[in-house]
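Undergrad: Here you go, one structure.
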2 protein chains.
Amino acid sequence: MKNSTPGFSRRFSFARQRRHLTFTLALLASAPVAADEGMWTLDHFPSAQVGAEYGFVPDASWLDRIRASAVRLTSGCSASIVSKDGLVLTNHHCVADCAQALSTPKHNFVADGFAARSRREERLCPGMQAEVLGQISDVTDEVLGAIKAAGTQDVIKARDSAMVAIEDRGCRDGSQARCQVVSLYGGGQYKLYKYRKYADVRLVFAPEISIAFFGGDPDNFNFPRYCLDSAFVRLYDGGRPASTPAHLTWRKTAPAAGELVFVAGNPGSTSRLETIAQTQMDRDWTIPVRQLVRSELRGRLLDYADRGAEQKRTATFVLFAVENSFKAFYGIERALLDPDFFARKVREEQELRAKVSANAELASAVGDPWADISAAIERYQALFLSHDFLEVRAGSVSQLYGYARTLVRAAAERKKPSAERLPEYSDSKLELLEKELLDAQPVYPGIERIGLTMWLSKTREYLTVDNPLVTHLLGQQSPEALANQLVAGTRLADPKVRDALWRGGESAIEASSDPLIRFVRLTDADARALRLRYQQQIEGPITNAAERIARARFGIYGDSVYPDATFTLRLSYGRVDGWTYQGNTVAPFTDFGGLYARATAAEPFRLPKRWLDAKSRLDPAVALNVSTSNDIIGGNSGSPLIDAQGRVAGAIFDGNIHSLGGDYGYDPRLNRSIAVLTCAIGAALRHVYAVPALADELEADSN
Amino acid sequence: MKNSTPGFSRRFSFARQRRHLTFTLALLASAPVAADEGMWTLDHFPSAQVGAEYGFVPDASWLDRIRASAVRLTSGCSASIVSKDGLVLTNHHCVADCAQALSTPKHNFVADGFAARSRREERLCPGMQAEVLGQISDVTDEVLGAIKAAGTQDVIKARDSAMVAIEDRGCRDGSQARCQVVSLYGGGQYKLYKYRKYADVRLVFAPEISIAFFGGDPDNFNFPRYCLDSAFVRLYDGGRPASTPAHLTWRKTAPAAGELVFVAGNPGSTSRLETIAQTQMDRDWTIPVRQLVRSELRGRLLDYADRGAEQKRTATFVLFAVENSFKAFYGIERALLDPDFFARKVREEQELRAKVSANAELASAVGDPWADISAAIERYQALFLSHDFLEVRAGSVSQLYGYARTLVRAAAERKKPSAERLPEYSDSKLELLEKELLDAQPVYPGIERIGLTMWLSKTREYLTVDNPLVTHLLGQQSPEALANQLVAGTRLADPKVRDALWRGGESAIEASSDPLIRFVRLTDADARALRLRYQQQIEGPITNAAERIARARFGIYGDSVYPDATFTLRLSYGRVDGWTYQGNTVAPFTDFGGLYARATAAEPFRLPKRWLDAKSRLDPAVALNVSTSNDIIGGNSGSPLIDAQGRVAGAIFDGNIHSLGGDYGYDPRLNRSIAVLTCAIGAALRHVYAVPALADELEADSN
C-alpha cells in the first residue's frame, strides 16, 4: 500500500521449515492473533478455530465454492459471481471509473447511473479484467533456490526472474488463464496462483453516485452509514455471457446481529509483519510526504471541478480516488501516531526478539536481521524522495504519462528474454498490459495538465531546483509550461496511435516525434537507475533480512500466523457487530428510514430524484448497511459478505475509521468492516430502479 | 508560531529569583547555549560574551542606538530607520500586502513594482503600523501577584487582566505611544514595553516581485540565493515625514567573510523551552494537521490563480503567504522527525530534570511540572481539532470573516471594563484594531469564497459531520453553498459599512441583517466556549507548571539563558559565514553575476525587463545575498544586518533550510540567516530603477 517495501522475498524454505517444526511444536509460543483477526489464504484457513469460536467448521467443499465464486478485478477491487450467467456483484466505487469512461458530456453515467435494459445494452468496461482463482501450488523451493544461487547484489533480480519463469511456464496459453507467483509472509513462501481470467467485463448496473456514495467524503470511513455502494458487471466469454455454475446464492434477508459472516476478497496490502524501523519510515517519511502532495492535488482538483459542469464531470472519479486515499492514509497516520498503538507494535517486536535471543539455535541461524533492516532504512531515507518522485509516483495522475512510460519501457524490455525484463513486462503480463494500454479510454486534458504540473512542480520542490535529476527533467522550463506543452502536443490519447507504437516496438518509439514519448525517453534512464539502486541497496538487503525474521517467526509461532495482504484471495471470519469507543456504542445496522432522515437538499447528502420518488415504496425498516468484525483492508472493496450457508448477504465497501490502522494491526474491539446488504440492493432494484429482470436473475436460486 | 501554547504565564517572581541566585551562583551549571546562539533582549544582552568571542563589546550607547533605529511592523515583520526623514528599510515580502492592496486590475504594483518619484507619491499602507521600542520596565511582581491571588481556574484570566491594566495605565494617550506587557521565559518575567508608534506608514519603493522573490517558492529557504527582497516605507507624523535623528547609517560595501554582524528584529515565536510533551504535540498533531489543510488550500489557490490574469493578480499575496508557511513548517516538521534532533531535545530535558532531582530544595519547590504538562497535553489532544478549527483558525484566509468576528466580539467586549474583556479588545489595543478594521483594503470575492469554503469543509471533515459544533455551523447547508451565500450577501467589504457597525456597537450588530454578521453571531458562542475550556483545562495548568520549570531552569542555569521569541525586539550576534553539510560547503556570498547566470525565460526565474536592460550597468561582482550565523526566526524578516560600527549592511529576509528547526533549537554548524546586502540595493536603485533621490537620501550620512 505504501510501496516502501514492495514484494520482498526471503531466503527461506517453507517446506524445510515445516519439517523442522514437527520436532519443535512443543516449544512453540502461541501466535499473537486476536479473535476474528486474520486475512487467511484459502489453502490454510483456520476452520477448526472458527468452529471452536462459532460452532461452524467450513469444510473443503465449502471453501472450494467460495474460491470459485470470488472475483478479483484488476482495477484493484474484489467481487463475487452471483448468477449462473456470469453476473458479478461489486461496489459502485469499483466500477465508477468504468462509468466515467463510458460517459460523455451528454451522458453522465456517474451522476445519473447506468442500467442495461437488456444484455445487448451491457457495455464493455475498458481496461477491466476479472479473475477467478483456480489452483494454488507451492513454488517456494524453486524461487528460494534461485535467490540462493545469486549473489547478494542480485537478490531482487534473481527472485523476479525465477517468478517470471514460473509464471510464463505455468500459463502458456494466456487467452483464458493468468499465472501469478505470490510472495507470502514477505517471502517465506512462494505460491503459484492460477486464475481463470475474463478480459471482457461489461457494465450491467450502477446507481447514481449520490446514493452509492451518499454522504460523500465527509461520511467516508464513518458509521452509521447509508450507501448503496453496489454495482453489477457481467463476465463475457467469446462474446457471450460466461457460464458460471459455481456462484454464490443471493440472500434476501439481512443477517442477524452476532451472526457469523465471512469475507472473501483481495486485501491489497498490509504491513503488520514489518519491523519497527520500516513502520517508522512509513510514519515519518512515506506517509506524511505523500499526504502533503495528495492534499495539494486534492485542492487543485476541487478548484478545477468548481470551474464548471464539464470540469466537475471529468474530475469526479479522480477526485474520489484522491480523497479516498487521503482519508485512508490520514487514519493510518493517526493510528501510527497513537502512542499506545505504536507501543504495542514495539512490544510485539521486542517479544519476538527476546524469544529468538532465548533460543540459541534460532538466534545463531538468523543473526540480527532487525539491525540490517534499520541500516537499509537509513539508506532508504537518503534515496526516498528521488525514488518516490521519479520512479514510484512518476506522472502523478496523468494517464498519458502512464501510456508513454509503458510504451517506452515495453519497447526496450520486449527485446529481451522474458525472465530478464523488468518483471511487469514479462510474457505472462503482456496481455493485460496491452488491454490496459489499448482499450479506448477518455482522456481529459484539464486533469492531465494538473497531474503533470503537480508531478513536475512537486518533484522540483522536494528534490530542490539544482538537483541534477530536476534540471534533467525540466531543463529551462517551468513545470506549468512543460506540462501544457506535453499535453497539448501528444497524440497518445488516440488508441490507434498507442496501438501503432505498441506494435512498432523500439524502432517506432525511436522514430516517434510525440513530445511525451520523447520526454519519457529523455528522462527514463534516471528513473531506472533509481529503481536499480533501490533494489540493490535497500530492497535486496531487506529481503535478505526479512527472510530471516520470517524464519524466526515461524520458529517461534509456527504456522498459526497469517501472511500480510498481497492483493490475492483471502478469507476472513467475524460476526455482525457494532463497537464501543470512548463510551459510545455504535449499533451494527442502518436502514432506509435512517437514509431518508439524513438526506438534505445539499450535496453530498442530496438524494437522487428517483430515491425521493420511491420513498413510499421502500420499507424504512429494511437494513441498508452493516458493520462486522471481519479483518479487511483496501482491495477488499466489493468482497462478498458470506453467511455460513454460503449465501452472499452483502458487499464490503468500507471500514470504520478505526479499521484504517488495520494496515499495521487489528484491534478486535474497534476494527470493523462495512457492507451494503443484499436485502437493500434487491429492494432498490425492484422499487427504485424498476429493473425486475436483474432482481429476478439474482434471486433465481436464492433460498 | 504554532499557537499550541500561546502566552503562558508562570507564577514566578524574577526579582525574587535573582535575589536567590546571588547566594547560589557557585552551584550554577553552565547554560546549554551554543556559540552565536540566542535571541537576546536588549536589556540583557551578553556583551561580554560577544567581546570574548569577537573582540568587540557593544556598550549601552551602542545598544541604545540600535534600539532607537529598530522598527517593528505590526503586520509581522521587522525593519530599520535608515534616514533622518523617517525612511525605513524592510523586505519586499513585508510590504507585498501593501503593494497588493494599492493595486487595481490596471496597476499591479506587485508584478511591476512601485517607486514614488516624490514624497507626494508615497502612498499609505492600509492597516500597517510601525513601532519603535522606547522604555522597558519590569512588571513581573504585579502580574505574578495577581495570578497568585486568583484561583487555579482563573490563572489565565488573572494574568490577562493584570497585563491589560498595566498596558492601559502605561499609555493613556494612545495617539503616539503603544504599551505592551510581554511575557518572557514563558512567564518567568513580565516586562512593559513602551513603543513610539507610527500609524501612518507610506510605501516609497518596492521592486518587482520577480526580482524581490527571484526563484520563488522553489528557492525559498534555499541558498545560494539571488533576491532583492527589499523595500522602503516612510514613517509619517502629523502628515509629514517623521523626523528620525536616531537611525542607522548606510553601509555601501559588503561585509567581509567572518565579520561580526548583529541582527536587531522581532523574532516571532520559538518553542525551545517547551517540554518534550509539548514538542510531541506540535510534531504529531498541530503541525501535521495544519500542514495538510495548508497544502489543500495551496492547491485550491494555485488552480484558482491559473484561471486567468485577474485571478492570478488577486491570489498572489495570499499564495505567497500560504506557500511560505507551508515550506517553513515542512522544514520544522522534518527537524522534529529527525531522530538526532529530537533525541537532543529529550536529552536536554532529561539533564535539566536530573539536575533538579539532585537538588532537594529545588525539587521540593517545583514538584513534577513535566508530568503536569503531559497531563494537560493529553487533554489538549481531545480538544485540539475543535479548538483549532473553530477558535484559533476560524475563517481561514477570509478577510471578511475576520472583519465580522472583530465587529461582533468588539461590540460585546467594549461594554465591559477594559481589564475584563478578551485581552485583544482592551483599551490599549483598540486604536490599532480600529485601524486594521477600518483602513480601506481591497477584498477579492474569489479568494474569500475559497477561504470560507476551505474552513467550513475542513471543519466538517476533521470534526466529522455529526459533531454538534459542525451541525451548528452548517445547518443543512453545504460548505460551498454557505460560503458563496455569505460572500455574495455581506457588505463588509465596504469600509463605511464596517465603520458604521464599529461605531454603532452592540445595538448596530444586533440590528444588522448582514449575513456574515448574523453567521458569526450564531456560531461565536461555540468558539468562545472552546477558548474558555482551553484556557481553563490546558493553558492554565500548563502556565502553572511552566512557571515551576522556569524556576527550575533559572535555579540550575541562572540568567545565562535567553527567553523564547515573542515578536519583541531581540538582538542576535554572529558572523558572515557559509556552512558545510554532508560534505558540501556553501559559500556565504552570491552576486549579480550569479543572478544573471541563474535567470531563465520561465517564472520564477524570469528577470524583469528592467533588470535585463540593466545588465551592462551592473558590476557582476557586487555581492547580492549573504548568509550569516545569526540566530533568527520568522518575524525577523526585514531586520537590519548591522556591523560593529552600527551601520546597516543588509536586511534579513530568510533563513537557510536548516534554520527552520530553529523553532526548537539552534545548531551553530548549520543554522544560517540570509540577508540582501545594502551594496546591492544601492546599485539597483541607481542603475536599475534610476531613483537617485532615494539612493542619495540613504547615503546622505554613510561613511
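Please note that chains go A, B, ... in the order of the C-alpha cells, that every chain numbers its residues from 1, and that ligands are numbered from 1 in the order shown.
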Contacts from chain B to chain A, 9 Å maximum, only C-alpha atoms: show me the residue list as a JSON list (two decimals) with N, CA and C atoms, in the first residue's frame.
TA:
[["chain", "number", "residue", "atom", "x", "y", "z"],
["B", 215, "GLY", "N", 13.39, 33.25, -8.01],
["B", 215, "GLY", "CA", 13.48, 31.83, -7.63],
["B", 215, "GLY", "C", 12.22, 31.34, -6.94],
["B", 217, "ASP", "N", 8.98, 30.20, -4.78],
["B", 217, "ASP", "CA", 8.87, 29.16, -3.77],
["B", 217, "ASP", "C", 9.96, 28.09, -3.89],
["B", 218, "PRO", "N", 10.34, 27.68, -5.10],
["B", 218, "PRO", "CA", 11.38, 26.65, -5.19],
["B", 218, "PRO", "C", 12.68, 27.05, -4.51],
["B", 219, "ASP", "N", 13.07, 28.31, -4.62],
["B", 219, "ASP", "CA", 14.32, 28.74, -4.00],
["B", 219, "ASP", "C", 14.14, 29.18, -2.55],
["B", 222, "ASN", "N", 16.24, 28.24, 0.47],
["B", 222, "ASN", "CA", 17.45, 27.61, -0.06],
["B", 222, "ASN", "C", 18.53, 28.66, -0.25],
["B", 284, "ASP", "N", 3.21, 15.80, 16.35],
["B", 284, "ASP", "CA", 2.27, 14.73, 15.99],
["B", 284, "ASP", "C", 0.86, 15.23, 15.67],
["B", 285, "TRP", "N", 0.53, 16.43, 16.11],
["B", 285, "TRP", "CA", -0.83, 16.93, 15.89],
["B", 285, "TRP", "C", -0.84, 18.29, 15.20],
["B", 288, "PRO", "N", 1.31, 18.60, 11.69],
["B", 288, "PRO", "CA", 0.82, 17.82, 10.54],
["B", 288, "PRO", "C", -0.61, 18.13, 10.12],
["B", 291, "GLN", "N", -0.58, 21.45, 8.33],
["B", 291, "GLN", "CA", 0.11, 21.35, 7.05],
["B", 291, "GLN", "C", -0.78, 20.71, 5.99],
["B", 292, "LEU", "N", -1.54, 19.71, 6.38],
["B", 292, "LEU", "CA", -2.43, 19.07, 5.40],
["B", 292, "LEU", "C", -3.47, 20.06, 4.91],
["B", 293, "VAL", "N", -4.01, 20.83, 5.83],
["B", 293, "VAL", "CA", -5.02, 21.82, 5.44],
["B", 293, "VAL", "C", -4.38, 22.91, 4.56],
["B", 294, "ARG", "N", -3.21, 23.33, 4.99],
["B", 294, "ARG", "CA", -2.50, 24.37, 4.23],
["B", 294, "ARG", "C", -2.18, 23.89, 2.82],
["B", 295, "SER", "N", -1.84, 22.63, 2.70],
["B", 295, "SER", "CA", -1.47, 22.08, 1.39],
["B", 295, "SER", "C", -2.68, 22.05, 0.46],
["B", 296, "GLU", "N", -3.82, 21.69, 1.00],
["B", 296, "GLU", "CA", -5.02, 21.72, 0.15],
["B", 296, "GLU", "C", -5.38, 23.15, -0.23],
["B", 297, "LEU", "N", -5.27, 24.06, 0.71],
["B", 297, "LEU", "CA", -5.54, 25.47, 0.41],
["B", 297, "LEU", "C", -4.60, 25.96, -0.69],
["B", 298, "ARG", "N", -3.36, 25.57, -0.57],
["B", 298, "ARG", "CA", -2.38, 25.94, -1.61],
["B", 298, "ARG", "C", -2.83, 25.42, -2.97],
["B", 299, "GLY", "N", -3.25, 24.17, -3.01],
["B", 299, "GLY", "CA", -3.71, 23.60, -4.28],
["B", 299, "GLY", "C", -4.89, 24.36, -4.85],
["B", 300, "ARG", "N", -5.84, 24.69, -3.98],
["B", 300, "ARG", "CA", -7.01, 25.45, -4.46],
["B", 300, "ARG", "C", -6.57, 26.80, -5.01],
["B", 301, "LEU", "N", -5.68, 27.47, -4.29],
["B", 301, "LEU", "CA", -5.25, 28.80, -4.73],
["B", 301, "LEU", "C", -4.44, 28.72, -6.02],
["B", 302, "LEU", "N", -3.62, 27.69, -6.15],
["B", 302, "LEU", "CA", -2.82, 27.55, -7.37],
["B", 302, "LEU", "C", -3.72, 27.34, -8.58],
["B", 303, "ASP", "N", -4.72, 26.51, -8.42],
["B", 303, "ASP", "CA", -5.60, 26.30, -9.56],
["B", 303, "ASP", "C", -6.41, 27.55, -9.84],
["B", 304, "TYR", "N", -6.84, 28.22, -8.78],
["B", 304, "TYR", "CA", -7.59, 29.46, -8.96],
["B", 304, "TYR", "C", -6.75, 30.50, -9.71],
["B", 307, "ARG", "N", -6.64, 30.38, -13.41],
["B", 307, "ARG", "CA", -7.85, 30.61, -14.22],
["B", 307, "ARG", "C", -7.72, 31.81, -15.14],
["B", 334, "ARG", "N", 10.37, 18.32, 9.48],
["B", 334, "ARG", "CA", 11.48, 17.43, 9.18],
["B", 334, "ARG", "C", 12.52, 17.46, 10.30],
["B", 337, "LEU", "N", 11.19, 15.42, 13.12],
["B", 337, "LEU", "CA", 11.18, 13.99, 12.80],
["B", 337, "LEU", "C", 12.59, 13.43, 12.66],
["B", 338, "ASP", "N", 13.58, 14.31, 12.75],
["B", 338, "ASP", "CA", 14.96, 13.83, 12.70],
["B", 338, "ASP", "C", 15.30, 13.21, 14.06],
["B", 450, "ILE", "N", -12.92, 30.84, -1.50],
["B", 450, "ILE", "CA", -12.01, 29.72, -1.25],
["B", 450, "ILE", "C", -11.71, 29.62, 0.26],
["B", 457, "SER", "N", -15.43, 23.38, 5.10],
["B", 457, "SER", "CA", -15.37, 21.97, 4.70],
["B", 457, "SER", "C", -14.33, 21.21, 5.51],
["B", 460, "ARG", "N", -15.78, 20.48, 8.90],
["B", 460, "ARG", "CA", -16.66, 19.32, 8.84],
["B", 460, "ARG", "C", -15.85, 18.02, 8.73],
["B", 461, "GLU", "N", -14.81, 18.06, 7.92],
["B", 461, "GLU", "CA", -14.03, 16.84, 7.69],
["B", 461, "GLU", "C", -13.33, 16.38, 8.98],
["B", 462, "TYR", "N", -12.65, 17.30, 9.63],
["B", 462, "TYR", "CA", -11.85, 16.88, 10.79],
["B", 462, "TYR", "C", -12.69, 16.67, 12.04],
["B", 464, "THR", "N", -15.93, 15.84, 11.87],
["B", 464, "THR", "CA", -16.94, 14.90, 11.36],
["B", 464, "THR", "C", -18.36, 15.49, 11.35],
["B", 465, "VAL", "N", -19.13, 14.94, 10.44],
["B", 465, "VAL", "CA", -20.43, 15.51, 10.07],
["B", 465, "VAL", "C", -21.40, 15.67, 11.24],
["B", 476, "GLN", "N", -28.20, 22.78, 7.47],
["B", 476, "GLN", "CA", -28.41, 21.78, 6.41],
["B", 476, "GLN", "C", -27.67, 22.16, 5.13],
["B", 477, "GLN", "N", -26.78, 23.13, 5.22],
["B", 477, "GLN", "CA", -26.13, 23.62, 4.01],
["B", 477, "GLN", "C", -24.80, 22.92, 3.74],
["B", 478, "SER", "N", -24.37, 23.02, 2.51],
["B", 478, "SER", "CA", -23.03, 22.54, 2.17],
["B", 478, "SER", "C", -22.04, 23.68, 2.43],
["B", 481, "ALA", "N", -22.01, 26.08, -0.60],
["B", 481, "ALA", "CA", -23.18, 26.95, -0.76],
["B", 481, "ALA", "C", -23.20, 28.02, 0.32],
["B", 600, "THR", "N", 16.28, 32.44, -16.30],
["B", 600, "THR", "CA", 15.78, 31.76, -17.50],
["B", 600, "THR", "C", 14.61, 32.56, -18.02],
["B", 601, "ALA", "N", 13.93, 32.01, -19.03],
["B", 601, "ALA", "CA", 12.76, 32.69, -19.56],
["B", 601, "ALA", "C", 11.49, 32.32, -18.80],
["B", 602, "ALA", "N", 11.62, 31.41, -17.84],
["B", 602, "ALA", "CA", 10.42, 30.88, -17.17],
["B", 602, "ALA", "C", 10.32, 31.33, -15.73],
["B", 603, "GLU", "N", 9.13, 31.75, -15.32],
["B", 603, "GLU", "CA", 8.87, 32.02, -13.91],
["B", 603, "GLU", "C", 9.21, 30.80, -13.07],
["B", 604, "PRO", "N", 9.69, 30.96, -11.89],
["B", 604, "PRO", "CA", 10.03, 32.18, -11.15],
["B", 604, "PRO", "C", 11.49, 32.58, -11.32],
["B", 605, "PHE", "N", 12.09, 32.20, -12.44],
["B", 605, "PHE", "CA", 13.49, 32.56, -12.69],
["B", 605, "PHE", "C", 13.60, 33.58, -13.82]]
Undergrad: Could you pull out all residues of stretch 218-377 of chain A with a DSSP call of alpha helix (DSSP H) and give them as number ranges by chain?
TA: A: 218-219, 276-281, 287-305, 309-337, 339-357, 360-366, 369-377
Undergrad: Atom CA of A:Thr74 and atom CA of A:Leu432 are how many Å apart?
TA: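 Computing it gives 8.9 Å between the two atoms.
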Undergrad: Can you list, as a PyMOL selection string, all residues belonging to stretch 92-303 of chain B that DSSP tags as strand (DSSP E or B)?
TA: chain B and resi 114-115+123-124+130-138+177-184+189-198+200-206+231-237+240-241+249-250+260-265
Undergrad: Can you tell me which residues surround A:Tyr534 at a distance of at most 9 Å, considering only C-alpha atoms, apart from same-chain residues fewer than 4 positions away, and format the answer as an MDAnalysis selection string?
TA: chainID A and resid 380 383:384 387 529:530 538:540
Undergrad: Write out, as a tab-separated table (two decimals), in the first residue's frame, the residues just selected, with all heavy atoms.
TA:
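again-v4.tsv written:
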chain	number	residue	atom	x	y	z
A	380	TYR	N	17.58	4.16	2.79
A	380	TYR	CA	16.34	4.50	2.07
A	380	TYR	C	15.94	5.95	2.31
A	380	TYR	O	15.46	6.63	1.41
A	380	TYR	CB	15.24	3.54	2.50
A	380	TYR	CG	13.94	3.67	1.73
A	380	TYR	CD1	13.93	4.07	0.39
A	380	TYR	CD2	12.72	3.36	2.32
A	380	TYR	CE1	12.73	4.18	-0.30
A	380	TYR	CE2	11.53	3.47	1.63
A	380	TYR	CZ	11.54	3.88	0.32
A	380	TYR	OH	10.36	3.98	-0.36
A	383	LEU	N	17.42	8.09	-0.14
A	383	LEU	CA	17.00	7.85	-1.52
A	383	LEU	C	15.51	8.11	-1.73
A	383	LEU	O	15.05	8.28	-2.87
A	383	LEU	CB	17.32	6.39	-1.89
A	383	LEU	CG	17.16	5.97	-3.34
A	383	LEU	CD1	18.16	6.70	-4.22
A	383	LEU	CD2	17.33	4.45	-3.49
A	384	PHE	N	14.77	8.14	-0.63
A	384	PHE	CA	13.32	8.10	-0.71
A	384	PHE	C	12.71	9.12	-1.66
A	384	PHE	O	11.93	8.77	-2.55
A	384	PHE	CB	12.70	8.26	0.69
A	384	PHE	CG	11.22	8.51	0.65
A	384	PHE	CD1	10.35	7.50	0.26
A	384	PHE	CD2	10.69	9.75	0.97
A	384	PHE	CE1	8.99	7.72	0.21
A	384	PHE	CE2	9.33	9.98	0.91
A	384	PHE	CZ	8.47	8.97	0.53
A	387	HIS	N	13.57	8.52	-5.42
A	387	HIS	CA	12.98	7.27	-5.88
A	387	HIS	C	11.46	7.38	-5.98
A	387	HIS	O	10.84	6.93	-6.94
A	387	HIS	CB	13.38	6.15	-4.89
A	387	HIS	CG	12.83	4.80	-5.25
A	387	HIS	ND1	11.86	4.17	-4.49
A	387	HIS	CD2	13.10	3.96	-6.28
A	387	HIS	CE1	11.58	2.99	-5.04
A	387	HIS	NE2	12.31	2.85	-6.12
A	529	ALA	N	17.62	4.04	-13.09
A	529	ALA	CA	18.81	3.96	-12.24
A	529	ALA	C	18.42	4.02	-10.77
A	529	ALA	O	18.99	3.31	-9.92
A	529	ALA	CB	19.77	5.09	-12.58
A	530	LEU	N	17.43	4.87	-10.45
A	530	LEU	CA	16.97	4.96	-9.07
A	530	LEU	C	16.33	3.65	-8.62
A	530	LEU	O	16.51	3.20	-7.50
A	530	LEU	CB	15.98	6.11	-8.93
A	530	LEU	CG	16.61	7.50	-9.01
A	530	LEU	CD1	15.55	8.55	-9.30
A	530	LEU	CD2	17.35	7.83	-7.71
A	538	ILE	N	18.57	-1.30	-0.97
A	538	ILE	CA	17.53	-1.29	0.05
A	538	ILE	C	16.68	-2.55	0.00
A	538	ILE	O	16.62	-3.31	0.96
A	538	ILE	CB	16.66	-0.02	-0.10
A	538	ILE	CG1	17.54	1.20	0.18
A	538	ILE	CG2	15.49	-0.04	0.87
A	538	ILE	CD1	17.29	2.37	-0.70
A	539	GLU	N	16.03	-2.79	-1.11
A	539	GLU	CA	15.12	-3.91	-1.17
A	539	GLU	C	15.85	-5.25	-1.00
A	539	GLU	O	15.36	-6.15	-0.31
A	539	GLU	CB	14.34	-3.89	-2.50
A	539	GLU	CG	13.16	-4.84	-2.50
A	539	GLU	CD	12.43	-4.90	-3.83
A	539	GLU	OE1	12.86	-4.19	-4.78
A	539	GLU	OE2	11.45	-5.64	-3.94
A	540	GLY	N	17.01	-5.36	-1.64
A	540	GLY	CA	17.77	-6.60	-1.55
A	540	GLY	C	18.15	-6.93	-0.11
A	540	GLY	O	17.78	-8.00	0.41
